[in-house]
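Structure file query-v5.cif with mmCIF, C-alpha atoms:
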data_data
loop_
_atom_site.label_atom_id
_atom_site.label_comp_id
_atom_site.auth_asym_id
_atom_site.auth_seq_id
_atom_site.Cartn_x
_atom_site.Cartn_y
_atom_site.Cartn_z
CA MET M 1 -59.09 12.03 22.23
CA GLU M 2 -57.78 14.20 25.04
CA GLU M 3 -59.63 17.42 25.87
CA VAL M 4 -57.39 20.45 26.37
CA ALA M 5 -57.67 24.15 27.11
CA ALA M 6 -56.06 26.71 24.84
CA GLY M 7 -54.37 29.87 26.04
CA LEU M 8 -54.29 32.67 23.47
CA ASP M 9 -52.11 35.72 24.03
CA ILE M 10 -52.19 38.73 21.71
CA GLY M 11 -49.44 41.31 21.98
CA THR M 12 -48.47 44.34 19.92
CA SER M 13 -46.11 42.32 17.71
CA SER M 14 -47.07 38.65 18.01
CA ILE M 15 -49.80 36.13 18.78
CA LYS M 16 -49.15 33.03 20.87
CA ILE M 17 -51.15 29.88 21.59
CA VAL M 18 -50.57 27.20 24.22
CA LEU M 19 -52.51 23.94 24.56
CA TYR M 20 -52.73 22.67 28.13
CA GLY M 21 -53.78 19.14 28.98
CA LYS M 22 -53.62 16.66 31.85
CA LYS M 23 -49.83 16.55 31.76
CA GLY M 24 -49.36 20.28 31.34
CA VAL M 25 -48.33 22.15 28.21
CA CYS M 26 -48.53 19.86 25.18
CA TYR M 27 -48.15 22.42 22.39
CA SER M 28 -47.12 26.02 21.90
CA LYS M 29 -46.74 28.25 18.87
CA ARG M 30 -45.95 31.90 18.21
CA ILE M 31 -46.49 33.94 15.04
CA ASN M 32 -45.92 37.58 14.23
CA HIS M 33 -48.82 39.78 13.16
CA SER M 34 -48.84 39.35 9.38
CA ASN M 35 -49.97 42.94 8.83
CA LYS M 36 -47.49 45.54 10.06
CA ASN M 37 -49.07 47.98 12.47
CA SER M 38 -48.27 51.65 13.01
CA ASN M 39 -45.34 51.22 15.42
CA GLY M 40 -47.59 49.25 17.74
CA ARG M 41 -50.19 52.00 17.90
CA GLU M 42 -52.78 50.29 15.66
CA ILE M 43 -53.64 46.74 14.61
CA ASP M 44 -55.77 45.85 11.60
CA PRO M 45 -58.81 44.05 13.10
CA ARG M 46 -59.68 41.93 10.07
CA GLN M 47 -56.12 40.70 9.67
CA LEU M 48 -55.95 39.97 13.39
CA ILE M 49 -58.94 37.65 13.14
CA LYS M 50 -57.39 35.87 10.15
CA ASP M 51 -54.12 35.38 12.07
CA VAL M 52 -55.90 34.07 15.18
CA VAL M 53 -58.06 31.63 13.23
CA ARG M 54 -55.02 30.46 11.26
CA LEU M 55 -53.08 29.85 14.47
CA ILE M 56 -55.96 27.91 16.07
CA HIS M 57 -56.43 25.74 12.98
CA LYS M 58 -52.70 25.08 12.78
CA SER M 59 -52.63 23.93 16.40
CA LYS M 60 -55.54 21.55 15.70
CA ASP M 61 -53.99 20.19 12.49
CA GLN M 62 -50.74 19.41 14.29
CA ASN M 63 -52.51 17.83 17.28
CA ARG M 64 -55.35 15.72 15.89
CA ASN M 65 -55.46 13.66 19.09
CA LEU M 66 -56.39 16.78 21.07
CA LYS M 67 -59.76 18.52 21.30
CA ILE M 68 -59.91 22.16 22.36
CA LYS M 69 -62.75 22.57 24.86
CA ALA M 70 -62.07 26.09 26.08
CA ILE M 71 -60.00 29.14 25.14
CA GLY M 72 -58.58 31.64 27.61
CA ILE M 73 -57.61 34.99 26.11
CA SER M 74 -55.11 37.58 27.26
CA SER M 75 -54.29 40.70 25.30
CA ILE M 76 -52.73 44.13 25.38
CA PHE M 77 -54.77 46.71 27.23
CA PRO M 78 -56.09 49.30 27.30
CA SER M 79 -57.18 49.17 23.66
CA LEU M 80 -60.13 50.46 21.65
CA ILE M 81 -61.99 49.59 18.46
CA VAL M 82 -65.20 51.26 17.27
CA LEU M 83 -67.95 49.25 15.55
CA ASP M 84 -71.02 50.36 13.64
CA GLU M 85 -74.52 48.99 14.29
CA LYS M 86 -73.83 45.95 12.10
CA GLY M 87 -70.65 45.07 13.99
CA ASN M 88 -68.28 46.30 11.29
CA PRO M 89 -65.07 48.09 12.35
CA LEU M 90 -65.01 51.86 11.90
CA THR M 91 -61.43 52.10 13.19
CA LYS M 92 -58.42 49.88 13.55
CA ILE M 93 -57.64 48.52 17.00
CA ILE M 94 -56.10 51.50 18.79
CA THR M 95 -53.59 50.23 21.36
CA TRP M 96 -52.36 51.71 24.62
CA MET M 97 -49.33 53.09 22.77
CA ASP M 98 -51.44 55.54 20.76
CA ASN M 99 -51.57 58.93 22.45
CA ARG M 100 -54.61 60.47 20.77
CA GLY M 101 -56.63 61.77 23.66
CA GLY M 102 -53.51 62.42 25.69
CA ASP M 103 -54.00 66.19 25.64
CA ILE M 104 -57.62 65.81 26.75
CA ALA M 105 -56.48 63.67 29.68
CA VAL M 106 -53.76 66.19 30.62
CA ASN M 107 -56.24 69.06 30.61
CA PHE M 108 -58.75 67.08 32.66
CA LYS M 109 -56.04 66.22 35.19
CA LYS M 110 -55.73 69.93 36.00
CA ARG M 111 -59.22 69.75 37.47
CA LYS M 112 -58.02 68.27 40.73
CA LYS M 113 -61.34 67.45 42.40
CA LYS M 114 -62.83 65.83 39.32
CA SER M 115 -59.60 63.90 38.68
CA ILE M 116 -59.61 62.50 42.21
CA LEU M 117 -63.29 61.58 41.92
CA LEU M 118 -62.77 59.79 38.59
CA HIS M 119 -59.79 57.91 40.00
CA LYS M 120 -61.78 56.77 43.03
CA LYS M 121 -64.65 55.56 40.87
CA THR M 122 -62.66 53.82 38.14
CA GLY M 123 -59.34 52.96 39.77
CA CYS M 124 -57.62 54.45 36.70
CA ILE M 125 -55.11 57.25 36.90
CA ILE M 126 -55.75 60.08 34.45
CA HIS M 127 -53.73 58.91 31.47
CA GLY M 128 -54.30 59.10 27.71
CA SER M 129 -53.86 55.36 27.23
CA HIS M 130 -57.33 54.64 28.65
CA SER M 131 -60.32 54.22 26.34
CA LEU M 132 -62.29 57.12 27.81
CA TRP M 133 -59.90 59.76 26.47
CA LYS M 134 -59.63 58.12 23.04
CA ILE M 135 -63.43 58.10 22.77
CA LEU M 136 -63.58 61.79 23.69
CA TRP M 137 -60.83 62.48 21.13
CA LEU M 138 -62.85 60.69 18.44
CA LYS M 139 -65.94 62.67 19.40
CA LYS M 140 -64.04 65.91 18.94
CA ASN M 141 -61.84 65.07 15.94
CA GLU M 142 -63.55 62.25 14.02
CA LYS M 143 -67.19 63.31 14.03
CA LYS M 144 -68.20 61.06 11.10
CA ILE M 145 -66.79 57.96 12.79
CA TYR M 146 -68.25 58.94 16.14
CA SER M 147 -71.71 59.57 14.69
CA LYS M 148 -71.77 56.03 13.23
CA ALA M 149 -70.41 54.37 16.39
CA ALA M 150 -72.65 51.74 17.97
CA LYS M 151 -70.09 49.90 20.12
CA PHE M 152 -66.78 50.74 21.78
CA LEU M 153 -64.81 47.54 22.43
CA SER M 154 -61.34 46.46 23.44
CA LEU M 155 -59.21 44.10 21.37
CA GLN M 156 -60.24 41.20 23.60
CA ASP M 157 -63.96 42.05 23.40
CA TYR M 158 -63.74 42.27 19.61
CA LEU M 159 -62.04 38.89 19.37
CA VAL M 160 -64.67 37.27 21.60
CA TYR M 161 -67.42 38.89 19.51
CA LYS M 162 -65.95 37.55 16.25
CA LEU M 163 -65.50 34.04 17.69
CA THR M 164 -68.85 33.77 19.50
CA GLY M 165 -71.13 36.53 18.18
CA LYS M 166 -71.56 37.86 21.72
CA TYR M 167 -70.64 41.19 23.28
CA VAL M 168 -69.02 40.42 26.63
CA VAL M 169 -66.11 41.76 28.66
CA SER M 170 -64.24 40.73 31.78
CA TYR M 171 -64.02 42.95 34.84
CA ALA M 172 -60.25 43.03 34.32
CA ILE M 173 -60.57 44.59 30.86
CA ALA M 174 -63.46 46.89 31.80
CA SER M 175 -61.43 48.28 34.69
CA THR M 176 -58.76 49.57 32.28
CA THR M 177 -61.15 51.70 30.23
CA GLY M 178 -61.73 54.61 32.60
CA LEU M 179 -65.48 53.98 32.15
CA PHE M 180 -66.07 51.30 34.77
CA ASN M 181 -67.24 52.07 38.30
CA ILE M 182 -65.23 49.62 40.40
CA ASN M 183 -67.29 50.42 43.48
CA ARG M 184 -70.68 49.65 41.96
CA SER M 185 -69.64 47.23 39.17
CA GLU M 186 -71.13 49.42 36.50
CA GLU M 187 -69.88 51.88 33.93
CA ARG M 188 -68.48 55.28 34.76
CA ARG M 189 -71.27 57.57 33.49
CA VAL M 190 -69.45 60.11 31.39
CA GLY M 191 -71.98 61.38 28.88
CA LYS M 192 -75.02 59.69 27.37
CA GLU M 193 -73.17 58.74 24.18
CA CYS M 194 -70.36 56.89 25.94
CA ARG M 195 -72.77 55.15 28.27
CA SER M 196 -75.12 53.87 25.57
CA ARG M 197 -72.39 52.59 23.27
CA TRP M 198 -69.99 50.91 25.69
CA SER M 199 -70.51 47.26 24.79
CA PRO M 200 -70.17 45.44 28.15
CA TYR M 201 -73.31 47.04 29.50
CA HIS M 202 -75.81 45.88 26.87
#
Would you mind giving the structure from this file in structure tokens?
Amino acid sequence: MEEVAAGLDIGTSSIKIVLYGKKGVCYSKRINHSNKNSNGREIDPRQLIKDVVRLIHKSKDQNRNLKIKAIGISSIFPSLIVLDEKGNPLTKIITWMDNRGGDIAVNFKKRKKKSILLHKKTGCIIHGSHSLWKILWLKKNEKKIYSKAAKFLSLQDYLVYKLTGKYVVSYAIASTTGLFNINRSEERRVGKECRSRWSPYH
């Protein structure tokens, strides 16, 4: 049985898997998200997991001579999902296309010195697509959800958590949140609540 690596790519409309072995690509498959999202702005997290697991099992069933030894994941970013203390979703997966928090980002951008400082620390321009502004929007507008929040994750972090039971994140994903200090390899400290609940730093 040949050992292969799987590449899993999750976009706003579809999910793709590629199996890569000694001779290169030996299998590829693409499926659409089975649950329609809100014009790409939100993805149902539970349905996403079902789709991903279904796609992985299908690739194994059609390639019984192959054994998946590792999975590399790429996904849309920035994105945000809020979990409670038991790891249950409090929100759908909010994608980069959702503009809640955009007004907060615009208003913050008017504070020139602070905007420049935040950009230097995080590498992120001041833009509503980043997780920071969505979290601040939730704090202001969805107080019940925010009060129950234990973890703020990206789509990729959530998928890894569901597949492995571990909260981890890559530097690449963390650097899109607006919360990561690229100079010190630690989170951008914007408020006690955001700091204590941002999953990669636990």
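For segment 39-45 of chain M, the non-local neighbours within 9 Å, defined as residues at least 4 positions apart in the same chain or in other chains and counting only C-alpha atoms, are M:Thr12, M:Ser13, M:His33, M:Asn35, M:Ile49, M:Lys50, M:Ile81, M:Pro89, M:Thr91, M:Lys92, M:Ile93, M:Ile94, M:Thr95, M:Trp96, M:Met97, M:Asp98, M:Asn99, M:Leu155, M:Tyr158, M:Leu159.
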Target residues per the PyMOL selection byres ((chain M and resi 120-125) around 10), formatted as number ranges by chain: M: 105, 109, 114-119, 126-130, 174-188
Any chance you could export the current selection's C-alpha atoms as a JSON list (two decimals), in the coordinates of the input?
[["chain", "number", "residue", "atom", "x", "y", "z"],
["M", 105, "ALA", "CA", -56.48, 63.67, 29.68],
["M", 109, "LYS", "CA", -56.04, 66.22, 35.19],
["M", 114, "LYS", "CA", -62.83, 65.83, 39.32],
["M", 115, "SER", "CA", -59.60, 63.90, 38.68],
["M", 116, "ILE", "CA", -59.61, 62.50, 42.21],
["M", 117, "LEU", "CA", -63.29, 61.58, 41.92],
["M", 118, "LEU", "CA", -62.77, 59.79, 38.59],
["M", 119, "HIS", "CA", -59.79, 57.91, 40.00],
["M", 126, "ILE", "CA", -55.75, 60.08, 34.45],
["M", 127, "HIS", "CA", -53.73, 58.91, 31.47],
["M", 128, "GLY", "CA", -54.30, 59.10, 27.71],
["M", 129, "SER", "CA", -53.86, 55.36, 27.23],
["M", 130, "HIS", "CA", -57.33, 54.64, 28.65],
["M", 174, "ALA", "CA", -63.46, 46.89, 31.80],
["M", 175, "SER", "CA", -61.43, 48.28, 34.69],
["M", 176, "THR", "CA", -58.76, 49.57, 32.28],
["M", 177, "THR", "CA", -61.15, 51.70, 30.23],
["M", 178, "GLY", "CA", -61.73, 54.61, 32.60],
["M", 179, "LEU", "CA", -65.48, 53.98, 32.15],
["M", 180, "PHE", "CA", -66.07, 51.30, 34.77],
["M", 181, "ASN", "CA", -67.24, 52.07, 38.30],
["M", 182, "ILE", "CA", -65.23, 49.62, 40.40],
["M", 183, "ASN", "CA", -67.29, 50.42, 43.48],
["M", 184, "ARG", "CA", -70.68, 49.65, 41.96],
["M", 185, "SER", "CA", -69.64, 47.23, 39.17],
["M", 186, "GLU", "CA", -71.13, 49.42, 36.50],
["M", 187, "GLU", "CA", -69.88, 51.88, 33.93],
["M", 188, "ARG", "CA", -68.48, 55.28, 34.76]]
Residues of segment 79-114 of chain M that approach segment 142-146 of chain M to 9 Å or less, counting only C-alpha atoms: could you list each one with the shortest pair of atoms and its distance in Å to one decimal, rows by chain and increasing residue number, as CSV?
residue,atom,partner,partner_atom,distance
M:Val82,CA,M:Ile145,CA,8.2
M:Asp84,CA,M:Ile145,CA,8.7
M:Leu90,CA,M:Ile145,CA,6.4
M:Thr91,CA,M:Ile145,CA,8.0
Picked residues, the PyMOL selection byres ((chain M and resi 136) around 10), as an mmCIF file with C-alpha atoms, in the frame of the given file:
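So the final result, stored in part12.cif, reads:
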data_model
loop_
_atom_site.group_PDB
_atom_site.id
_atom_site.type_symbol
_atom_site.label_atom_id
_atom_site.label_comp_id
_atom_site.auth_asym_id
_atom_site.auth_seq_id
_atom_site.Cartn_x
_atom_site.Cartn_y
_atom_site.Cartn_z
ATOM 1 C CA ARG M 100 -54.610 60.470 20.770
ATOM 2 C CA GLY M 101 -56.630 61.770 23.660
ATOM 3 C CA ILE M 104 -57.620 65.810 26.750
ATOM 4 C CA ALA M 105 -56.480 63.670 29.680
ATOM 5 C CA SER M 131 -60.320 54.220 26.340
ATOM 6 C CA LEU M 132 -62.290 57.120 27.810
ATOM 7 C CA TRP M 133 -59.900 59.760 26.470
ATOM 8 C CA LYS M 134 -59.630 58.120 23.040
ATOM 9 C CA ILE M 135 -63.430 58.100 22.770
ATOM 10 C CA TRP M 137 -60.830 62.480 21.130
ATOM 11 C CA LEU M 138 -62.850 60.690 18.440
ATOM 12 C CA LYS M 139 -65.940 62.670 19.400
ATOM 13 C CA LYS M 140 -64.040 65.910 18.940
ATOM 14 C CA ASN M 141 -61.840 65.070 15.940
ATOM 15 C CA GLU M 142 -63.550 62.250 14.020
ATOM 16 C CA TYR M 146 -68.250 58.940 16.140
ATOM 17 C CA VAL M 190 -69.450 60.110 31.390
ATOM 18 C CA GLY M 191 -71.980 61.380 28.880
ATOM 19 C CA CYS M 194 -70.360 56.890 25.940
#
One decimal, Å: what's the distance from atom CA of Ser79 of chain M over to atom CA of Lys60 of chain M, could you say?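 Interatomic distance, atom CA of Ser79 of chain M to atom CA of Lys60 of chain M: 28.8 Å.
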Starting from the PyMOL selection byres ((chain M and resi 5-7) around 9), expand the selection into actual residues of this file and give them as a ChimeraX atom specification. /M:3-4,8-9,16-21,56,67-74
d(atom CA of Ser75 of chain M, atom CA of Lys29 of chain M) in Å: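 Computing it gives 15.9 Å between the two atoms.
Between atom CA of Leu163 of chain M and atom CA of Ile10 of chain M the interatomic distance comes to 14.7 Å.
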List the neighbours of Met1 of chain M out to 10 Å using all atoms listed in the file; skip same-chain residues closer than 5 positions along the sequence, and give me the result as a list of chain:residue names.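 The neighbour list is M:Arg64, M:Asn65, M:Leu66, M:Lys67.
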Please produce a file of the residues just selected, as a compact mmCIF listing (two decimals), in the frame of the given file, where the atoms kept are C-alpha atoms.
# COMPACT_ATOMS: atom_id res chain seq x y z
CA ARG M 64 -55.35 15.72 15.89
CA ASN M 65 -55.46 13.66 19.09
CA LEU M 66 -56.39 16.78 21.07
CA LYS M 67 -59.76 18.52 21.30
Return the single residue from M:Val168, M:Ile173, M:Lys162, M:Lys148 that is closest to Pro78 of chain M, with distances computed using all atoms listed in the file. M:Ile173
Of the candidates M:Arg54, M:Lys166, M:Lys151, M:Lys112, which one gets nearest to Lys86 of chain M if we count all atoms listed in the file? M:Lys151
Near-Asp51 of chain M list (9 Å; all atoms listed in the file; drop same-chain fewer than 4 positions) as an MDAnalysis selection string: chainID M and resid 15 31:34 46:47 55:56
Would you mind putting back N, CA and C atoms on segment 8-31 of chain M, then writing it out as a PDB file, in the frame of the given file?
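Generated file (rebuild-v1.pdb):
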ATOM      1  N   LEU M   8     -54.593  31.810  24.618  1.00  0.00           N
ATOM      2  CA  LEU M   8     -54.290  32.670  23.470  1.00  0.00           C
ATOM      3  C   LEU M   8     -53.853  34.029  23.975  1.00  0.00           C
ATOM      4  N   ASP M   9     -52.655  34.432  23.589  1.00  0.00           N
ATOM      5  CA  ASP M   9     -52.110  35.720  24.030  1.00  0.00           C
ATOM      6  C   ASP M   9     -51.821  36.594  22.819  1.00  0.00           C
ATOM      7  N   ILE M  10     -52.368  37.815  22.837  1.00  0.00           N
ATOM      8  CA  ILE M  10     -52.190  38.730  21.710  1.00  0.00           C
ATOM      9  C   ILE M  10     -51.434  39.964  22.181  1.00  0.00           C
ATOM     10  N   GLY M  11     -50.245  40.160  21.647  1.00  0.00           N
ATOM     11  CA  GLY M  11     -49.440  41.310  21.980  1.00  0.00           C
ATOM     12  C   GLY M  11     -49.395  42.308  20.839  1.00  0.00           C
ATOM     13  N   THR M  12     -48.566  43.317  20.969  1.00  0.00           N
ATOM     14  CA  THR M  12     -48.470  44.340  19.920  1.00  0.00           C
ATOM     15  C   THR M  12     -47.734  43.838  18.689  1.00  0.00           C
ATOM     16  N   SER M  13     -46.894  42.811  18.843  1.00  0.00           N
ATOM     17  CA  SER M  13     -46.110  42.320  17.710  1.00  0.00           C
ATOM     18  C   SER M  13     -46.362  40.872  17.347  1.00  0.00           C
ATOM     19  N   SER M  14     -46.901  40.075  18.288  1.00  0.00           N
ATOM     20  CA  SER M  14     -47.070  38.650  18.010  1.00  0.00           C
ATOM     21  C   SER M  14     -48.319  38.087  18.674  1.00  0.00           C
ATOM     22  N   ILE M  15     -48.671  36.871  18.226  1.00  0.00           N
ATOM     23  CA  ILE M  15     -49.800  36.130  18.780  1.00  0.00           C
ATOM     24  C   ILE M  15     -49.275  34.754  19.177  1.00  0.00           C
ATOM     25  N   LYS M  16     -49.641  34.303  20.364  1.00  0.00           N
ATOM     26  CA  LYS M  16     -49.150  33.030  20.870  1.00  0.00           C
ATOM     27  C   LYS M  16     -50.310  32.140  21.314  1.00  0.00           C
ATOM     28  N   ILE M  17     -50.156  30.836  21.119  1.00  0.00           N
ATOM     29  CA  ILE M  17     -51.150  29.880  21.590  1.00  0.00           C
ATOM     30  C   ILE M  17     -50.441  28.772  22.354  1.00  0.00           C
ATOM     31  N   VAL M  18     -51.076  28.318  23.428  1.00  0.00           N
ATOM     32  CA  VAL M  18     -50.570  27.200  24.220  1.00  0.00           C
ATOM     33  C   VAL M  18     -51.731  26.237  24.457  1.00  0.00           C
ATOM     34  N   LEU M  19     -51.510  24.952  24.243  1.00  0.00           N
ATOM     35  CA  LEU M  19     -52.510  23.940  24.560  1.00  0.00           C
ATOM     36  C   LEU M  19     -52.088  23.264  25.857  1.00  0.00           C
ATOM     37  N   TYR M  20     -53.028  23.181  26.787  1.00  0.00           N
ATOM     38  CA  TYR M  20     -52.730  22.670  28.130  1.00  0.00           C
ATOM     39  C   TYR M  20     -53.644  21.495  28.438  1.00  0.00           C
ATOM     40  N   GLY M  21     -53.020  20.346  28.686  1.00  0.00           N
ATOM     41  CA  GLY M  21     -53.780  19.140  28.980  1.00  0.00           C
ATOM     42  C   GLY M  21     -53.493  18.579  30.359  1.00  0.00           C
ATOM     43  N   LYS M  22     -53.778  17.302  30.546  1.00  0.00           N
ATOM     44  CA  LYS M  22     -53.620  16.660  31.850  1.00  0.00           C
ATOM     45  C   LYS M  22     -52.179  16.666  32.337  1.00  0.00           C
ATOM     46  N   LYS M  23     -51.247  16.601  31.387  1.00  0.00           N
ATOM     47  CA  LYS M  23     -49.830  16.550  31.760  1.00  0.00           C
ATOM     48  C   LYS M  23     -49.136  17.906  31.620  1.00  0.00           C
ATOM     49  N   GLY M  24     -49.942  18.950  31.473  1.00  0.00           N
ATOM     50  CA  GLY M  24     -49.360  20.280  31.340  1.00  0.00           C
ATOM     51  C   GLY M  24     -49.367  20.754  29.897  1.00  0.00           C
ATOM     52  N   VAL M  25     -48.401  21.597  29.555  1.00  0.00           N
ATOM     53  CA  VAL M  25     -48.330  22.150  28.210  1.00  0.00           C
ATOM     54  C   VAL M  25     -47.959  21.055  27.203  1.00  0.00           C
ATOM     55  N   CYS M  26     -48.797  20.891  26.186  1.00  0.00           N
ATOM     56  CA  CYS M  26     -48.530  19.860  25.180  1.00  0.00           C
ATOM     57  C   CYS M  26     -48.266  20.455  23.802  1.00  0.00           C
ATOM     58  N   TYR M  27     -48.424  21.767  23.670  1.00  0.00           N
ATOM     59  CA  TYR M  27     -48.150  22.420  22.390  1.00  0.00           C
ATOM     60  C   TYR M  27     -48.086  23.923  22.589  1.00  0.00           C
ATOM     61  N   SER M  28     -47.182  24.560  21.869  1.00  0.00           N
ATOM     62  CA  SER M  28     -47.120  26.020  21.900  1.00  0.00           C
ATOM     63  C   SER M  28     -46.630  26.522  20.547  1.00  0.00           C
ATOM     64  N   LYS M  29     -47.116  27.678  20.160  1.00  0.00           N
ATOM     65  CA  LYS M  29     -46.740  28.250  18.870  1.00  0.00           C
ATOM     66  C   LYS M  29     -46.865  29.763  18.940  1.00  0.00           C
ATOM     67  N   ARG M  30     -45.939  30.446  18.255  1.00  0.00           N
ATOM     68  CA  ARG M  30     -45.950  31.900  18.210  1.00  0.00           C
ATOM     69  C   ARG M  30     -45.806  32.350  16.757  1.00  0.00           C
ATOM     70  N   ILE M  31     -46.631  33.346  16.374  1.00  0.00           N
ATOM     71  CA  ILE M  31     -46.490  33.940  15.040  1.00  0.00           C
ATOM     72  C   ILE M  31     -46.505  35.456  15.175  1.00  0.00           C
TER      73      ILE M  31
END
